[in-house]
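Content type mmCIF, C-alpha atoms, from the file final_37.cif:
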data_entry
loop_
_atom_site.group_PDB
_atom_site.id
_atom_site.type_symbol
_atom_site.label_atom_id
_atom_site.label_comp_id
_atom_site.auth_asym_id
_atom_site.auth_seq_id
_atom_site.Cartn_x
_atom_site.Cartn_y
_atom_site.Cartn_z
ATOM 1 C CA MET K 119 89.977 67.443 103.125
ATOM 2 C CA SER K 120 89.465 63.972 101.724
ATOM 3 C CA GLU K 121 88.007 64.698 98.287
ATOM 4 C CA PRO K 122 89.738 66.236 95.248
ATOM 5 C CA PHE K 123 89.005 69.877 94.404
ATOM 6 C CA ASN K 124 88.340 69.103 90.754
ATOM 7 C CA LYS K 125 89.766 66.208 88.786
ATOM 8 C CA ASN K 126 89.870 68.232 85.571
ATOM 9 C CA ILE K 127 92.038 71.038 86.958
ATOM 10 C CA LYS K 128 95.641 71.002 85.683
ATOM 11 C CA VAL K 129 98.435 72.021 88.064
ATOM 12 C CA LEU K 130 102.032 72.963 87.271
ATOM 13 C CA TYR K 131 104.449 72.689 90.218
ATOM 14 C CA VAL K 132 107.858 74.364 89.831
ATOM 15 C CA GLU K 133 110.587 73.678 92.401
ATOM 16 C CA ASP K 134 114.342 73.161 91.887
ATOM 17 C CA ASP K 135 114.823 71.160 95.094
ATOM 18 C CA GLU K 136 114.112 67.544 94.160
ATOM 19 C CA ILE K 137 112.939 66.387 97.586
ATOM 20 C CA ALA K 138 110.703 69.436 98.084
ATOM 21 C CA ARG K 139 109.279 68.917 94.597
ATOM 22 C CA GLU K 140 108.541 65.245 95.233
ATOM 23 C CA ASN K 141 106.826 66.088 98.526
ATOM 24 C CA GLY K 142 104.811 68.855 96.885
ATOM 25 C CA VAL K 143 103.636 66.658 94.029
ATOM 26 C CA GLU K 144 102.729 63.872 96.443
ATOM 27 C CA TYR K 145 100.603 66.299 98.451
ATOM 28 C CA LEU K 146 98.899 67.705 95.350
ATOM 29 C CA GLU K 147 97.974 64.196 94.217
ATOM 30 C CA ASN K 148 95.465 64.146 97.083
ATOM 31 C CA TYR K 149 93.426 66.791 95.265
ATOM 32 C CA PHE K 150 94.285 66.776 91.568
ATOM 33 C CA GLU K 151 94.847 64.171 88.852
ATOM 34 C CA HIS K 152 96.689 66.291 86.279
ATOM 35 C CA ILE K 153 99.959 67.460 87.831
ATOM 36 C CA TYR K 154 103.034 68.540 85.880
ATOM 37 C CA GLU K 155 106.378 69.194 87.563
ATOM 38 C CA ALA K 156 109.420 71.216 86.543
ATOM 39 C CA GLU K 157 112.829 71.748 88.147
ATOM 40 C CA ASP K 158 113.377 75.198 86.671
ATOM 41 C CA ALA K 159 111.478 78.052 85.035
ATOM 42 C CA ILE K 160 112.661 77.241 81.506
ATOM 43 C CA SER K 161 111.204 73.734 81.696
ATOM 44 C CA ALA K 162 108.107 75.188 83.358
ATOM 45 C CA LEU K 163 107.514 77.580 80.450
ATOM 46 C CA ASN K 164 107.633 74.661 78.020
ATOM 47 C CA LEU K 165 105.133 72.728 80.122
ATOM 48 C CA TYR K 166 102.934 75.816 80.394
ATOM 49 C CA GLU K 167 102.846 76.171 76.595
ATOM 50 C CA LYS K 168 102.104 72.480 76.155
ATOM 51 C CA TYR K 169 99.449 71.896 78.833
ATOM 52 C CA SER K 170 97.964 75.346 79.684
ATOM 53 C CA PRO K 171 97.696 74.646 83.429
ATOM 54 C CA ASP K 172 94.902 76.199 85.490
ATOM 55 C CA ILE K 173 97.094 76.610 88.581
ATOM 56 C CA ILE K 174 100.838 77.305 88.810
ATOM 57 C CA ILE K 175 102.765 76.858 92.057
ATOM 58 C CA THR K 176 106.349 78.109 91.875
ATOM 59 C CA ASP K 177 109.331 78.805 94.072
ATOM 60 C CA ILE K 178 111.119 82.160 93.670
ATOM 61 C CA GLN K 179 114.755 81.123 94.043
ATOM 62 C CA MET K 180 115.637 78.930 91.053
ATOM 63 C CA PRO K 181 118.552 78.664 88.604
ATOM 64 C CA LYS K 182 118.428 80.069 85.035
ATOM 65 C CA MET K 183 115.350 82.223 85.734
ATOM 66 C CA ASN K 184 113.786 83.112 89.086
ATOM 67 C CA GLY K 185 110.129 82.582 89.883
ATOM 68 C CA LEU K 186 109.146 86.237 89.564
ATOM 69 C CA GLU K 187 110.618 86.513 86.069
ATOM 70 C CA PHE K 188 108.826 83.298 85.160
ATOM 71 C CA VAL K 189 105.516 84.684 86.387
ATOM 72 C CA LYS K 190 106.077 87.980 84.547
ATOM 73 C CA LYS K 191 106.394 86.048 81.289
ATOM 74 C CA ILE K 192 103.146 84.231 82.025
ATOM 75 C CA ARG K 193 101.310 87.423 82.915
ATOM 76 C CA LYS K 194 102.294 89.158 79.670
ATOM 77 C CA LYS K 195 99.710 87.039 77.871
ATOM 78 C CA ASP K 196 97.699 85.300 80.587
ATOM 79 C CA SER K 197 95.848 87.017 83.427
ATOM 80 C CA LYS K 198 93.578 84.072 84.254
ATOM 81 C CA THR K 199 95.916 81.303 85.388
ATOM 82 C CA GLN K 200 95.955 81.054 89.181
ATOM 83 C CA ILE K 201 99.483 81.494 90.570
ATOM 84 C CA ILE K 202 100.892 80.735 94.012
ATOM 85 C CA ILE K 203 104.460 81.764 94.859
ATOM 86 C CA ILE K 204 106.448 80.037 97.587
ATOM 87 C CA THR K 205 109.504 81.807 98.983
ATOM 88 C CA ALA K 206 111.787 82.197 101.958
ATOM 89 C CA PHE K 207 111.504 85.987 101.725
ATOM 90 C CA SER K 208 108.859 88.319 103.146
ATOM 91 C CA GLU K 209 110.182 91.746 102.181
ATOM 92 C CA THR K 210 107.826 94.553 101.168
ATOM 93 C CA ASP K 211 109.097 94.430 97.581
ATOM 94 C CA TYR K 212 107.776 90.909 97.230
ATOM 95 C CA LEU K 213 104.381 91.912 98.620
ATOM 96 C CA LEU K 214 104.213 94.610 95.958
ATOM 97 C CA LYS K 215 105.051 92.023 93.311
ATOM 98 C CA ALA K 216 102.225 89.842 94.589
ATOM 99 C CA VAL K 217 99.780 92.630 93.773
ATOM 100 C CA GLU K 218 101.464 93.633 90.519
ATOM 101 C CA LEU K 219 101.505 90.053 89.201
ATOM 102 C CA LYS K 220 98.010 89.205 90.490
ATOM 103 C CA LEU K 221 99.165 86.289 92.585
ATOM 104 C CA VAL K 222 96.551 84.264 94.401
ATOM 105 C CA LYS K 223 98.821 83.680 97.372
ATOM 106 C CA TYR K 224 102.314 84.502 98.542
ATOM 107 C CA LEU K 225 103.454 81.744 100.927
ATOM 108 C CA ILE K 226 106.496 82.000 103.194
ATOM 109 C CA LYS K 227 108.648 78.937 103.852
ATOM 110 C CA PRO K 228 108.276 76.711 105.758
ATOM 111 C CA VAL K 229 104.740 76.471 104.397
ATOM 112 C CA LYS K 230 102.129 75.060 106.752
ATOM 113 C CA GLU K 231 99.829 72.450 105.257
ATOM 114 C CA SER K 232 96.766 74.458 106.297
ATOM 115 C CA ALA K 233 98.090 77.563 104.495
ATOM 116 C CA PHE K 234 98.854 75.560 101.359
ATOM 117 C CA GLU K 235 95.386 73.996 101.350
ATOM 118 C CA GLU K 236 93.784 77.412 101.880
ATOM 119 C CA ALA K 237 95.727 78.794 98.912
ATOM 120 C CA LEU K 238 94.501 75.939 96.714
ATOM 121 C CA HIS K 239 90.936 76.596 97.878
ATOM 122 C CA LEU K 240 91.336 80.249 96.902
ATOM 123 C CA CYS K 241 92.600 79.267 93.452
ATOM 124 C CA VAL K 242 89.620 77.028 92.781
ATOM 125 C CA GLU K 243 87.193 79.597 94.197
ATOM 126 C CA SER K 244 88.669 82.333 92.025
ATOM 127 C CA MET K 245 88.425 80.103 88.956
ATOM 128 C CA THR K 246 84.793 79.321 89.739
ATOM 129 C CA LYS K 247 83.866 82.977 90.188
ATOM 130 C CA ASP K 248 86.181 84.111 87.371
ATOM 131 C CA ASP K 249 87.170 86.970 89.656
ATOM 132 C CA SER K 250 90.459 88.590 90.639
ATOM 133 C CA ASN K 251 91.735 88.872 94.205
ATOM 134 C CA ILE K 252 93.148 92.324 93.373
ATOM 135 C CA VAL K 253 90.468 94.952 94.036
ATOM 136 C CA LYS K 254 91.049 98.396 92.567
ATOM 137 C CA LEU K 255 89.889 101.004 95.078
ATOM 138 C CA SER K 256 91.077 104.032 93.103
ATOM 139 C CA GLN K 257 93.496 104.898 90.331
ATOM 140 C CA ASN K 258 96.486 104.292 92.593
ATOM 141 C CA THR K 259 95.026 102.168 95.414
ATOM 142 C CA TYR K 260 94.630 98.378 95.420
ATOM 143 C CA PHE K 261 93.703 95.762 97.997
ATOM 144 C CA ASP K 262 94.734 92.124 97.679
ATOM 145 C CA THR K 263 91.876 90.202 99.309
ATOM 146 C CA PHE K 264 93.857 86.954 99.527
ATOM 147 C CA ASN K 265 97.183 88.259 100.794
ATOM 148 C CA LEU K 266 95.453 91.075 102.737
ATOM 149 C CA THR K 267 97.781 93.747 101.383
ATOM 150 C CA LEU K 268 96.846 97.401 100.829
ATOM 151 C CA VAL K 269 98.956 99.211 98.229
ATOM 152 C CA VAL K 270 98.773 102.994 97.770
ATOM 153 C CA ASP K 271 101.014 104.785 95.257
ATOM 154 C CA ALA K 272 103.123 101.618 94.856
ATOM 155 C CA GLU K 273 103.742 101.462 98.618
ATOM 156 C CA VAL K 274 102.446 98.808 101.037
ATOM 157 C CA VAL K 275 100.336 100.460 103.731
ATOM 158 C CA LYS K 276 100.171 98.610 107.029
ATOM 159 C CA LEU K 277 96.711 97.835 108.365
ATOM 160 C CA ARG K 278 95.772 96.719 111.842
ATOM 161 C CA THR K 279 93.826 93.489 112.242
ATOM 162 C CA LYS K 280 90.409 95.105 112.665
ATOM 163 C CA GLU K 281 91.079 97.472 109.762
ATOM 164 C CA VAL K 282 91.861 94.507 107.519
ATOM 165 C CA GLU K 283 88.751 92.615 108.597
ATOM 166 C CA LEU K 284 86.500 95.643 108.141
ATOM 167 C CA LEU K 285 87.900 96.372 104.680
ATOM 168 C CA ARG K 286 87.434 92.733 103.659
ATOM 169 C CA LEU K 287 83.838 92.816 104.882
ATOM 170 C CA LEU K 288 82.985 96.055 103.091
ATOM 171 C CA ILE K 289 84.501 94.798 99.830
ATOM 172 C CA LYS K 290 82.669 91.482 100.101
ATOM 173 C CA TYR K 291 79.301 93.274 100.357
ATOM 174 C CA LYS K 292 80.221 96.289 98.231
ATOM 175 C CA SER K 293 76.770 96.475 96.644
ATOM 176 C CA ARG K 294 75.047 97.416 99.921
ATOM 177 C CA TYR K 295 75.468 98.915 103.376
ATOM 178 C CA VAL K 296 76.955 96.511 105.920
ATOM 179 C CA THR K 297 75.011 96.686 109.170
ATOM 180 C CA TYR K 298 76.515 97.424 112.570
ATOM 181 C CA SER K 299 75.614 93.929 113.783
ATOM 182 C CA GLU K 300 77.379 92.359 110.792
ATOM 183 C CA ILE K 301 80.471 94.422 111.514
ATOM 184 C CA GLU K 302 80.384 93.428 115.174
ATOM 185 C CA ASN K 303 80.043 89.724 114.352
ATOM 186 C CA PHE K 304 82.737 89.683 111.665
ATOM 187 C CA VAL K 305 85.306 92.206 112.895
ATOM 188 C CA TRP K 306 84.891 91.825 116.652
ATOM 189 C CA GLN K 307 84.105 88.100 116.328
ATOM 190 C CA GLY K 308 81.518 87.847 119.043
ATOM 191 C CA SER K 309 83.031 90.401 121.415
ATOM 192 C CA ALA K 310 81.087 93.537 122.262
ATOM 193 C CA MET K 311 81.666 96.445 119.891
ATOM 194 C CA SER K 312 81.325 99.943 121.287
ATOM 195 C CA LYS K 313 80.439 102.930 119.105
ATOM 196 C CA ASP K 314 83.708 104.616 120.024
ATOM 197 C CA ALA K 315 85.729 101.520 119.078
ATOM 198 C CA LEU K 316 84.029 101.310 115.699
ATOM 199 C CA LYS K 317 84.501 105.028 115.055
ATOM 200 C CA THR K 318 88.215 104.688 115.821
ATOM 201 C CA VAL K 319 88.663 101.799 113.387
ATOM 202 C CA ILE K 320 86.662 103.635 110.704
ATOM 203 C CA LYS K 321 88.664 106.845 111.225
ATOM 204 C CA ASN K 322 92.016 105.056 111.000
ATOM 205 C CA LEU K 323 90.965 103.056 107.941
ATOM 206 C CA LYS K 324 89.598 106.130 106.156
ATOM 207 C CA ALA K 325 92.916 107.902 106.716
ATOM 208 C CA LYS K 326 94.666 105.198 104.682
ATOM 209 C CA LEU K 327 92.136 105.121 101.828
ATOM 210 C CA PRO K 328 90.966 107.604 99.176
ATOM 211 C CA LYS K 329 88.537 110.244 100.473
ATOM 212 C CA GLU K 330 84.805 109.523 100.327
ATOM 213 C CA LEU K 331 85.442 105.817 99.717
ATOM 214 C CA ILE K 332 83.659 104.663 102.882
ATOM 215 C CA LEU K 333 80.122 105.949 103.346
ATOM 216 C CA ASN K 334 77.930 105.907 106.456
ATOM 217 C CA LEU K 335 74.170 105.627 106.647
ATOM 218 C CA THR K 336 73.021 106.698 110.105
ATOM 219 C CA GLY K 337 71.258 103.907 111.947
ATOM 220 C CA THR K 338 72.235 101.307 109.338
ATOM 221 C CA GLY K 339 75.969 100.885 108.810
ATOM 222 C CA TYR K 340 78.784 101.450 106.339
ATOM 223 C CA LYS K 341 79.403 100.897 102.641
ATOM 224 C CA ILE K 342 82.430 101.093 100.387
ATOM 225 C CA GLU K 343 81.919 103.071 97.192
ATOM 226 C CA LEU K 344 83.479 101.070 94.344
#

Could the structure of this file be written out as structure tokens, please?
Amino acid sequence: MSEPFNKNIKVLYVEDDEIARENGVEYLENYFEHIYEAEDAISALNLYEKYSPDIIITDIQMPKMNGLEFVKKIRKKDSKTQIIIITAFSETDYLLKAVELKLVKYLIKPVKESAFEEALHLCVESMTKDDSNIVKLSQNTYFDTFNLTLVVDAEVVKLRTKEVELLRLLIKYKSRYVTYSEIENFVWQGSAMSKDALKTVIKNLKAKLPKELILNLTGTGYKIEL
């Protein structure tokens, strides 16, 4: 993408590795004018207090204070700032933290440029809509629409590809029934969708969600009750 996202958006980039930080800042300069950099979380907190950044991008493994502790401090008083975490780890515990801390994106090193750009797009989109990527499905069930993570009773529940795509679609159009043709186009992506195949995906998805959450209207389609 050749044009900046928004020249007025302020970005804080936190990375203890000097070369990685320089490369990250150089990349961000393609899209933003106001970029602040920090080599550790303590310095980052000072910059956060001074500049009130709109987007924070931080590594997890850092001296003095790790990235998760840094984000926890931010979240105690700020639920709006968009936060992207970059890490070499992909354990379930970190996925749970992504939901708990309302992260926009959880990126695994080495980060592909396309994934980084997508995460920045999501940040700006979320700011524009003033909406959270964490959707509460019930008292103990959440779905992270950006990181595509379903959490039930503080446990990550694995979803198959079609289950993820169907859940995303239903949440996107939660105010109405999603038609069979829309499901076929989005979930099956142009391939033919049989009734049995759809029923199987629906059955498996329902088994992982609270009862009565997904409704069916015969001859029309499905809706999620939020």

6 Å per side around region 306-321 of chain K: axis-aligned box centre and edge lengths, as JSON:
{"center_x": 84.6, "center_y": 97.3, "center_z": 116.5, "size_x": 20.2, "size_y": 31.0, "size_z": 23.6}

- Task: Starting from the shown file, work through the PyMOL selection byres ((chain K and resi 145) around 12) and note down what comes out as a PyMOL selection string.
- Result: chain K and resi 119-120+122+131+138-144+146-151+153+231-232+234-235+238

- Message: Please compute the CA of Leu327 (chain K)-CA of Thr279 (chain K) distance, one decimal, in Å.
- Response: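 Computing the Euclidean distance for CA of Leu327 (chain K) and CA of Thr279 (chain K) yields 15.7 Å.
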
- Item | Shortest interatomic distance to Gln179 (chain K) - which of K:Glu167, K:Val222, K:Ser299, K:Lys227, counting all atoms listed in the file | K:Lys227

- Which residues fall under the PyMOL selection byres ((chain K and resi 190) around 12) in this file, as a list in words? Ala159, Leu163, Ile178, Met183, Asn184, Gly185, Leu186, Glu187, Phe188, Val189, Lys191, Ile192, Arg193, Lys194, Lys195, Asp196, Ser197, Ile201, Lys215, Ala216, Glu218, Leu219, Lys220 and Leu221 of chain K
